[in-house]
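Contents: one structure, followed by commentary.
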Amino acid sequence: MATTIKSISFKNFYNYYGNFEQNTYRFKEGINIVNADNNMGKSKFYNGILWVLKNQVYDSDLKQIVDAPSSLKKMASGKALNEESHFEMGIKITFTENADKFSVSKIIQFTKTEDSWKTNEKMDILQTIDNKDIPILDLADKDKIIKKIIPLELMNYALLQGESMEKLVDLSSHNGLSSTIEALAGIKNIIEICDICKDLSQRAKKLSNDKEKEINITNNRISGLIQEREGLEQRIDSTHEKILIYKTELSEATKKKDNLEALLLNAQNREKYRGLKKNLQNEIDKLKDRKNEYERNITSMLFSESAPWLLKGLEHQITSFSNNYKNFIIKLAEQHTIEKLAKDPIILLLPPDSPDKSSLLRMLEREKCEVCNRPAPRDSEAWKHINMVMQRPRLTESSNKNDFSSFYGGIQTTVSSFLNSIPKISEYIEKYRTTIDNLEDEINQKEEEKEIAKLELLNAGGSENYADTSDRQSISDYTLAEKTIEKKKEDIKKAEILIKEWNFKLKKNEEELKEINANSEIKNYRDFKDMMYCVESIFLNSRERIFDEILKSLEINANQKYSELTQGNLSAGGKLNFSKQVDGTVQVCIKNINDGELTGLGTGFQRMKQLSIIMAIISSKIGNKRFDYPFISDAPFSEFGDNFINNFFKIAPNVFSQSIIFIKELYDPNSDDFLNDLGKKILKKMENGEIPGTFYVNVIEEKADTTNLITRNKCYKF
Amino acid sequence: MDGQTIRDRIGQKRVNYNSKFDSLIRAISKVGASSQSGQFSSFGPIYETFMYAFIIGYRIGISKPLESGERTGFNDFADFKPTPIRDFVLMLLLNKSEEFGFKWVDLENASEETINTFVTEIIRQMEGYANTGFEYLQNKWENENMKFRNPFVFVNFIEELI
């Protein structure tokens with residue numbers, strides 16, 4: 001085992017607010033899982049490692065890797081920035097390399113000045129020897145120790161982000177692959193010798209040619225042959241240079257084609273999620289319009305004619321008014337009564353219309369009082385009394401200057417309609433608020449769905465800013481790249497034929513020169529030139545052979561991993577085929593049982609192909625050397641089904657002695673332990689010892705915006 | 001004088017607000033082209049804003065009648081809509097008429113001049129309560145402006161005073 005990360009701690013790093021002790025993850029050999037939902041610190045954790053190893057971070061706003069010093073403020077905890085004027089932000093990684101133990105702390109001190117933040121970086125590295133921590137002070141030594149975590153040449157394969165996995169396994173880049181294979185094989189010395197031999201061979205050739213020219217300056221025939229040879233050699237050299245240019249162009253076109261291939265593979269998904277996103281946006285717009293309409297209507301509800309919210313709680317005023325009006329009528333009646341009583345107290349005591357006018361008229365006509373049943377002859381006292389009762393003034397007739405009772409009565413009639421509606425206003429407002437809240441919830445729900453669709457679109461290689469036509473553009477670029485590849489291959493072929501012809505002529509030229517010019521001094525120069533050429537060829541061939549052997553070994557190893565990873569899938573995944581290209585790069589394709597290229601496999605299979613190659617590269621054992629480093633990956637399974645994930649957990653411990661995986665596919669926010677069924681199964685296997693490693697779940701203690709978010713971890717298994 | 005006549009007299013009175021609240025009123029009402037709608041919840045015509053301020057002042061329970069020189073007229077009382085709410089406003093003031101020196105029963109025998117004074121006082125008190133309400137809103141506008149971003153702001157202010 002080369003390197004094992006023992007722990008990683010954060011201090012005020014993104015949403016890992018607080019000190020190192022509060023944000024420590026202890027790891028061991030096997031699989032170390034950090035399970036977290038979106039925005040709970042997976043990519044931030046990954047960024048911490050990237051910061052230490054490459055001084056870079058992935059900026060989720062810019063959607064690209066940036067140099068960390070330009071992003072320091074974004075890396076600091078929003079809560080710390082808001083609440084403190086001086087604090088430290090950083091990461092601490094402890095690891096072992098064989099028997100040696102190291103601790104790397106990278107810390108930025110933040111101090112608030114008037115209008116900005118002052119930062120100061122420090123990097124402390126300790127090596128533990130005999131239980132004593134020895135600080136490493138030399139910068140070059142510090143750099144070497146950091147590279148022990150993951151060597152630079154393997155970083156592209158051991159430090160991965162799922163979404164960019166296709167681009168990371170860069171077998172089409174000559175430099176990328178060469179440096180990896182060279183590192184795997186330890187052939188750095190051979191490469192250096194090759195370069196030296198080439199230089200020596202060229203010098204020997206020049207020396208021999210110059211000498212030959214010098215000696216035969218007077219011989220026209222020989223001079224002519226030498227001139228011809230020089231012309232041929234010049235053409236061969238310049239054509240070799242052209243071939244190098246063609247190869248570079250070929251390599252670039254191949255890389256472009258591969259990148260576009262990955263994009264095209266997901267075009268269907270992109271179309272699906274682009275459409276989904278668009279539909280969701282339409283729904284969101286409609287919901288927002290409805291919500292805005294409701295909100296705009298709030299002030300008009302204040303003045304609603306049936307139940308004006310403005311009058312909430314004022315129903316008692318209607319009752320008061322009603323009482324005032326009643327009192328007014330009584331007082332008015334009292335006032336009138338007193339006036340009338342002064343004139344005719346008895347008559348006025350009779351209630352109005354009792355007896356009614358028609359009864360009294362009848363009594364007068366019949367000359368009989370029907371009240372006391374006594375006779376009342378015309379013009380008698382009794383008859384006159386009945387007549388007076390009939391003629392009595394009405395109580396309601398007022399002698400006042402004004403009569404405002406209809407004014408008050410009219411108001412009472414209007415406002416009494418509110419007597420029933422005002423008590424219900426609270427209920428109406430509550431319902432209205434609930435309606436708006438529900439719309440808001442619905443909008444948020446749709447926004448979340450849209451965000452998921454957006455992530456899926458990004459995962460499928462889409463871009464938020466790309467128009468729908470970008471896929472068509474990709475197809476056109478792909479066709480162009482294919483044409484370029486064909487053209488460059490042909491150019492190389494033609495150039496090589498030319499070189500072959502010229503070499504043939506050159507050989508004849510050399511033979512003729514040898515025959516004509518058999519001078520012993522020249523012969524020695526020629527022998528030396530030939531010998532140096534042989535030496536150069538030997539080393540070049542050795543280098544090629546080693547490269548081919550490693551490639552073959554990688555192919556076997558990658559296929560083994562691929563077969564294990566795709567085991568149990570109903571769809572057959574095919575076989576990985578590594579083929580060396582004319583430009584020295586390697587193309588990996590998936591072949592079916594008849595050796596035909598297998599196309600149309602989903603993104604899961606494509607990523608599994610890449611993962612297999614990564615596994616093969618990282619775990620390659622070449623000669624006596626084993627390259628075993630932590631495999632660290634953020635969201636590697638975003639396109640994988642449960643079967644792939646299960647297979648990965650099954651075989652990964654056999655491939656990588658340590659892996660640290662940030663994953664959301666095991667997360668369930670609605671479960672008490674935040675684990676879905678697959679998460680529970682994997683945890684159980686870890687607890688049973690079937691899968692070695694640790695299991696952490698990130699949680700958010702309190703719902704907050706990104707600025708104040710605090711992530712904490714729960715260790716389920718160590 | 002009968003009920004309709006006094007109603008008409010009150011309705012014909014011009015209603016004023018304190019000129020110092022001009023910008024506040026413009027900010028929270030849709031006044032012609034200077035509508036502020038969209039940014040926050042706002043009223044329609046000024047009489048709505050005025051009636052709202054009146055209710056706020058009435059709930060606070062203090063009438064601060066306008067001084068001469070600080071008055072900006074905007075509508076006759078009869079222009080206030082809807083009619084049931086205008087009547088409610090009138091009802092609230094009539095409920096307080098004794099407090100400002102007029103008993104209903106006395107008005108029955110009051111002279112034309114007294115009735116005119118009463119009508120003037122009704123409008124004066126109405127403006128006074130609205131003045132208190134506008135002061136309250138101005139204070140909120142200056143010190144708790146964020147509250148105006150909430151679409152329920154004017155409902156919330158009413159609920160705060162219940």
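Identifiers in this document derive from the order of the structure tokens: chains are assigned A, B, ..., residues are numbered from 1 separately in each chain, and ligands are numbered from 1 in order of occurrence.
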
Excluding Leu207 in chain A and residues on its chain fewer than 6 positions from it, collect all residues at most 12 Å away from it, counting only C-alpha atoms, and give them as a PDB file with all heavy atoms, in the first residue's frame.
ATOM      1  N   LEU A 200      22.879  12.036 -30.755  1.00  0.00           N
ATOM      2  CA  LEU A 200      24.193  11.490 -31.136  1.00  0.00           C
ATOM      3  C   LEU A 200      24.181  10.983 -32.570  1.00  0.00           C
ATOM      4  O   LEU A 200      25.115  11.213 -33.350  1.00  0.00           O
ATOM      5  CB  LEU A 200      24.588  10.358 -30.182  1.00  0.00           C
ATOM      6  CG  LEU A 200      25.012  10.801 -28.776  1.00  0.00           C
ATOM      7  CD1 LEU A 200      25.250   9.584 -27.881  1.00  0.00           C
ATOM      8  CD2 LEU A 200      26.282  11.646 -28.845  1.00  0.00           C
ATOM      9  N   SER A 201      23.088  10.312 -32.927  1.00  0.00           N
ATOM     10  CA  SER A 201      22.974   9.753 -34.268  1.00  0.00           C
ATOM     11  C   SER A 201      23.004  10.875 -35.311  1.00  0.00           C
ATOM     12  O   SER A 201      23.673  10.762 -36.344  1.00  0.00           O
ATOM     13  CB  SER A 201      21.680   8.947 -34.344  1.00  0.00           C
ATOM     14  OG  SER A 201      21.416   8.617 -35.656  1.00  0.00           O
ATOM     15  N   LYS A 213      32.272  15.169 -47.768  1.00  0.00           N
ATOM     16  CA  LYS A 213      32.232  16.336 -48.632  1.00  0.00           C
ATOM     17  C   LYS A 213      33.615  16.973 -48.754  1.00  0.00           C
ATOM     18  O   LYS A 213      34.079  17.328 -49.853  1.00  0.00           O
ATOM     19  CB  LYS A 213      31.282  17.348 -48.011  1.00  0.00           C
ATOM     20  CG  LYS A 213      30.421  18.067 -48.988  1.00  0.00           C
ATOM     21  CD  LYS A 213      29.364  18.802 -48.148  1.00  0.00           C
ATOM     22  CE  LYS A 213      28.697  19.855 -48.932  1.00  0.00           C
ATOM     23  NZ  LYS A 213      27.747  20.566 -48.084  1.00  0.00           N
ATOM     24  N   GLU A 214      34.267  17.072 -47.597  1.00  0.00           N
ATOM     25  CA  GLU A 214      35.581  17.729 -47.515  1.00  0.00           C
ATOM     26  C   GLU A 214      36.611  16.974 -48.372  1.00  0.00           C
ATOM     27  O   GLU A 214      37.351  17.571 -49.139  1.00  0.00           O
ATOM     28  CB  GLU A 214      35.997  17.756 -46.038  1.00  0.00           C
ATOM     29  CG  GLU A 214      37.277  18.529 -45.752  1.00  0.00           C
ATOM     30  CD  GLU A 214      37.749  18.231 -44.344  1.00  0.00           C
ATOM     31  OE1 GLU A 214      36.916  18.242 -43.403  1.00  0.00           O
ATOM     32  OE2 GLU A 214      38.961  17.954 -44.177  1.00  0.00           O
ATOM     33  N   ILE A 522      36.904   7.621 -44.476  1.00  0.00           N
ATOM     34  CA  ILE A 522      35.453   7.840 -44.612  1.00  0.00           C
ATOM     35  C   ILE A 522      34.683   6.638 -44.087  1.00  0.00           C
ATOM     36  O   ILE A 522      33.655   6.764 -43.452  1.00  0.00           O
ATOM     37  CB  ILE A 522      35.111   8.085 -46.103  1.00  0.00           C
ATOM     38  CG1 ILE A 522      35.571   9.464 -46.519  1.00  0.00           C
ATOM     39  CG2 ILE A 522      33.620   7.939 -46.394  1.00  0.00           C
ATOM     40  CD1 ILE A 522      34.866  10.600 -45.813  1.00  0.00           C
ATOM     41  N   ASN A 524      35.399   4.672 -41.649  1.00  0.00           N
ATOM     42  CA  ASN A 524      35.270   4.743 -40.183  1.00  0.00           C
ATOM     43  C   ASN A 524      34.132   5.682 -39.768  1.00  0.00           C
ATOM     44  O   ASN A 524      33.346   5.377 -38.882  1.00  0.00           O
ATOM     45  CB  ASN A 524      36.582   5.244 -39.550  1.00  0.00           C
ATOM     46  CG  ASN A 524      37.638   4.165 -39.610  1.00  0.00           C
ATOM     47  OD1 ASN A 524      37.319   2.976 -39.762  1.00  0.00           O
ATOM     48  ND2 ASN A 524      38.904   4.559 -39.522  1.00  0.00           N
ATOM     49  N   TYR A 525      34.075   6.842 -40.442  1.00  0.00           N
ATOM     50  CA  TYR A 525      32.994   7.792 -40.119  1.00  0.00           C
ATOM     51  C   TYR A 525      31.630   7.182 -40.382  1.00  0.00           C
ATOM     52  O   TYR A 525      30.692   7.340 -39.621  1.00  0.00           O
ATOM     53  CB  TYR A 525      33.161   9.079 -40.940  1.00  0.00           C
ATOM     54  CG  TYR A 525      34.157  10.039 -40.322  1.00  0.00           C
ATOM     55  CD1 TYR A 525      35.465  10.130 -40.808  1.00  0.00           C
ATOM     56  CD2 TYR A 525      33.773  10.867 -39.260  1.00  0.00           C
ATOM     57  CE1 TYR A 525      36.378  11.009 -40.242  1.00  0.00           C
ATOM     58  CE2 TYR A 525      34.688  11.749 -38.690  1.00  0.00           C
ATOM     59  CZ  TYR A 525      35.987  11.831 -39.193  1.00  0.00           C
ATOM     60  OH  TYR A 525      36.858  12.700 -38.622  1.00  0.00           O
ATOM     61  N   ARG A 526      31.556   6.470 -41.562  1.00  0.00           N
ATOM     62  CA  ARG A 526      30.265   5.844 -41.925  1.00  0.00           C
ATOM     63  C   ARG A 526      29.860   4.783 -40.909  1.00  0.00           C
ATOM     64  O   ARG A 526      28.688   4.695 -40.505  1.00  0.00           O
ATOM     65  CB  ARG A 526      30.391   5.174 -43.296  1.00  0.00           C
ATOM     66  CG  ARG A 526      30.189   6.147 -44.420  1.00  0.00           C
ATOM     67  CD  ARG A 526      30.104   5.350 -45.711  1.00  0.00           C
ATOM     68  NE  ARG A 526      30.274   6.225 -46.849  1.00  0.00           N
ATOM     69  CZ  ARG A 526      31.008   5.963 -47.902  1.00  0.00           C
ATOM     70  NH1 ARG A 526      31.668   4.803 -47.955  1.00  0.00           N
ATOM     71  NH2 ARG A 526      31.103   6.794 -48.901  1.00  0.00           N
ATOM     72  N   ASP A 527      30.838   3.942 -40.515  1.00  0.00           N
ATOM     73  CA  ASP A 527      30.544   2.889 -39.521  1.00  0.00           C
ATOM     74  C   ASP A 527      30.011   3.491 -38.231  1.00  0.00           C
ATOM     75  O   ASP A 527      29.059   2.978 -37.623  1.00  0.00           O
ATOM     76  CB  ASP A 527      31.809   2.068 -39.235  1.00  0.00           C
ATOM     77  CG  ASP A 527      32.183   1.177 -40.418  1.00  0.00           C
ATOM     78  OD1 ASP A 527      31.307   1.060 -41.330  1.00  0.00           O
ATOM     79  OD2 ASP A 527      33.298   0.639 -40.447  1.00  0.00           O
ATOM     80  N   PHE A 528      30.656   4.586 -37.822  1.00  0.00           N
ATOM     81  CA  PHE A 528      30.226   5.237 -36.579  1.00  0.00           C
ATOM     82  C   PHE A 528      28.778   5.766 -36.727  1.00  0.00           C
ATOM     83  O   PHE A 528      27.934   5.596 -35.845  1.00  0.00           O
ATOM     84  CB  PHE A 528      31.178   6.389 -36.240  1.00  0.00           C
ATOM     85  CG  PHE A 528      30.798   7.114 -34.984  1.00  0.00           C
ATOM     86  CD1 PHE A 528      30.792   6.451 -33.742  1.00  0.00           C
ATOM     87  CD2 PHE A 528      30.428   8.456 -35.004  1.00  0.00           C
ATOM     88  CE1 PHE A 528      30.433   7.114 -32.580  1.00  0.00           C
ATOM     89  CE2 PHE A 528      30.066   9.110 -33.842  1.00  0.00           C
ATOM     90  CZ  PHE A 528      30.071   8.443 -32.623  1.00  0.00           C
ATOM     91  N   LYS A 529      28.506   6.364 -37.887  1.00  0.00           N
ATOM     92  CA  LYS A 529      27.155   6.887 -38.153  1.00  0.00           C
ATOM     93  C   LYS A 529      26.128   5.745 -38.114  1.00  0.00           C
ATOM     94  O   LYS A 529      25.089   5.849 -37.459  1.00  0.00           O
ATOM     95  CB  LYS A 529      27.147   7.544 -39.544  1.00  0.00           C
ATOM     96  CG  LYS A 529      25.832   8.188 -39.902  1.00  0.00           C
ATOM     97  CD  LYS A 529      25.882   8.850 -41.260  1.00  0.00           C
ATOM     98  CE  LYS A 529      25.652   7.823 -42.370  1.00  0.00           C
ATOM     99  NZ  LYS A 529      25.508   8.447 -43.690  1.00  0.00           N
ATOM    100  N   ASP A 530      26.459   4.607 -38.793  1.00  0.00           N
ATOM    101  CA  ASP A 530      25.537   3.459 -38.818  1.00  0.00           C
ATOM    102  C   ASP A 530      25.310   2.884 -37.429  1.00  0.00           C
ATOM    103  O   ASP A 530      24.193   2.513 -37.068  1.00  0.00           O
ATOM    104  CB  ASP A 530      26.079   2.347 -39.742  1.00  0.00           C
ATOM    105  CG  ASP A 530      26.057   2.797 -41.203  1.00  0.00           C
ATOM    106  OD1 ASP A 530      25.366   3.824 -41.471  1.00  0.00           O
ATOM    107  OD2 ASP A 530      26.718   2.162 -42.041  1.00  0.00           O
ATOM    108  N   MET A 532      25.530   4.465 -34.540  1.00  0.00           N
ATOM    109  CA  MET A 532      24.703   5.364 -33.729  1.00  0.00           C
ATOM    110  C   MET A 532      23.228   5.260 -34.128  1.00  0.00           C
ATOM    111  O   MET A 532      22.324   5.338 -33.310  1.00  0.00           O
ATOM    112  CB  MET A 532      25.170   6.824 -33.871  1.00  0.00           C
ATOM    113  CG  MET A 532      26.464   7.142 -33.138  1.00  0.00           C
ATOM    114  SD  MET A 532      26.595   6.403 -31.494  1.00  0.00           S
ATOM    115  CE  MET A 532      25.271   7.180 -30.641  1.00  0.00           C
TER     116      MET A 532
END

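Residue list for chain B within 6 Å of chain A: Met1, Asp2, Gly3, Phe43, Pro84, Asp87, Phe88, Asn95, Val105, Glu108, Asn109 and Pro151 of chain B, counting only C-alpha atoms.
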
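Secondary structure of chain B, strand (DSSP E or B) only (DSSP, backbone atoms): Asp2, Arg14, Val15, Asn16, Tyr17, Asn18, Ser29, Ser37, Phe40, Phe43, Arg71, Thr72, Gly73, Phe74, Asn75 and Asp76 of chain B.
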
CA of Gln125 in chain B to CA of Gly101 in chain B, straight-line distance in Å: 11.6 Å

Filtered DSSP result for range 14-156 of chain B, state alpha helix (DSSP H), as a ChimeraX atom specification: /B:22-28,46-60,83-95,104-107,112-143,153-156

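The gap separating CA of Asn643 in chain A from CA of Arg274 in chain A is 27.2 Å, in Å to one decimal.
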
Write out as a tab-separated table the residues of range 477-577 of chain A that have any atom within 10 Å of an atom of range 243-261 of chain A, one row each with the nearest atom pair and its distance in Å to one decimal, counting only C-alpha atoms, sorted by chain and then rising number.
residue	atom	partner	partner_atom	distance
A:Asp477	CA	A:Leu260	CA	7.8
A:Tyr478	CA	A:Lys257	CA	5.6
A:Thr479	CA	A:Lys257	CA	8.4
A:Leu480	CA	A:Ala253	CA	8.7
A:Ala481	CA	A:Ala253	CA	5.2
A:Glu482	CA	A:Lys257	CA	6.8
A:Lys483	CA	A:Ala253	CA	9.0
A:Thr484	CA	A:Ala253	CA	6.4
A:Ile485	CA	A:Leu250	CA	5.4
A:Glu486	CA	A:Leu250	CA	8.5
A:Lys487	CA	A:Leu250	CA	8.6
A:Lys488	CA	A:Tyr246	CA	5.7
A:Lys489	CA	A:Leu250	CA	7.3
A:Glu490	CA	A:Tyr246	CA	9.6
A:Asp491	CA	A:Tyr246	CA	7.1
A:Ile492	CA	A:Ile243	CA	5.6
A:Lys493	CA	A:Ile243	CA	9.0
A:Lys494	CA	A:Ile243	CA	9.6
A:Ala495	CA	A:Ile243	CA	6.8
A:Glu496	CA	A:Ile243	CA	8.0

Best match for closeness to Met615 in chain A among A:Lys44, A:Ala158, A:Asp210, A:Pro377, counting only C-alpha atoms: A:Ala158
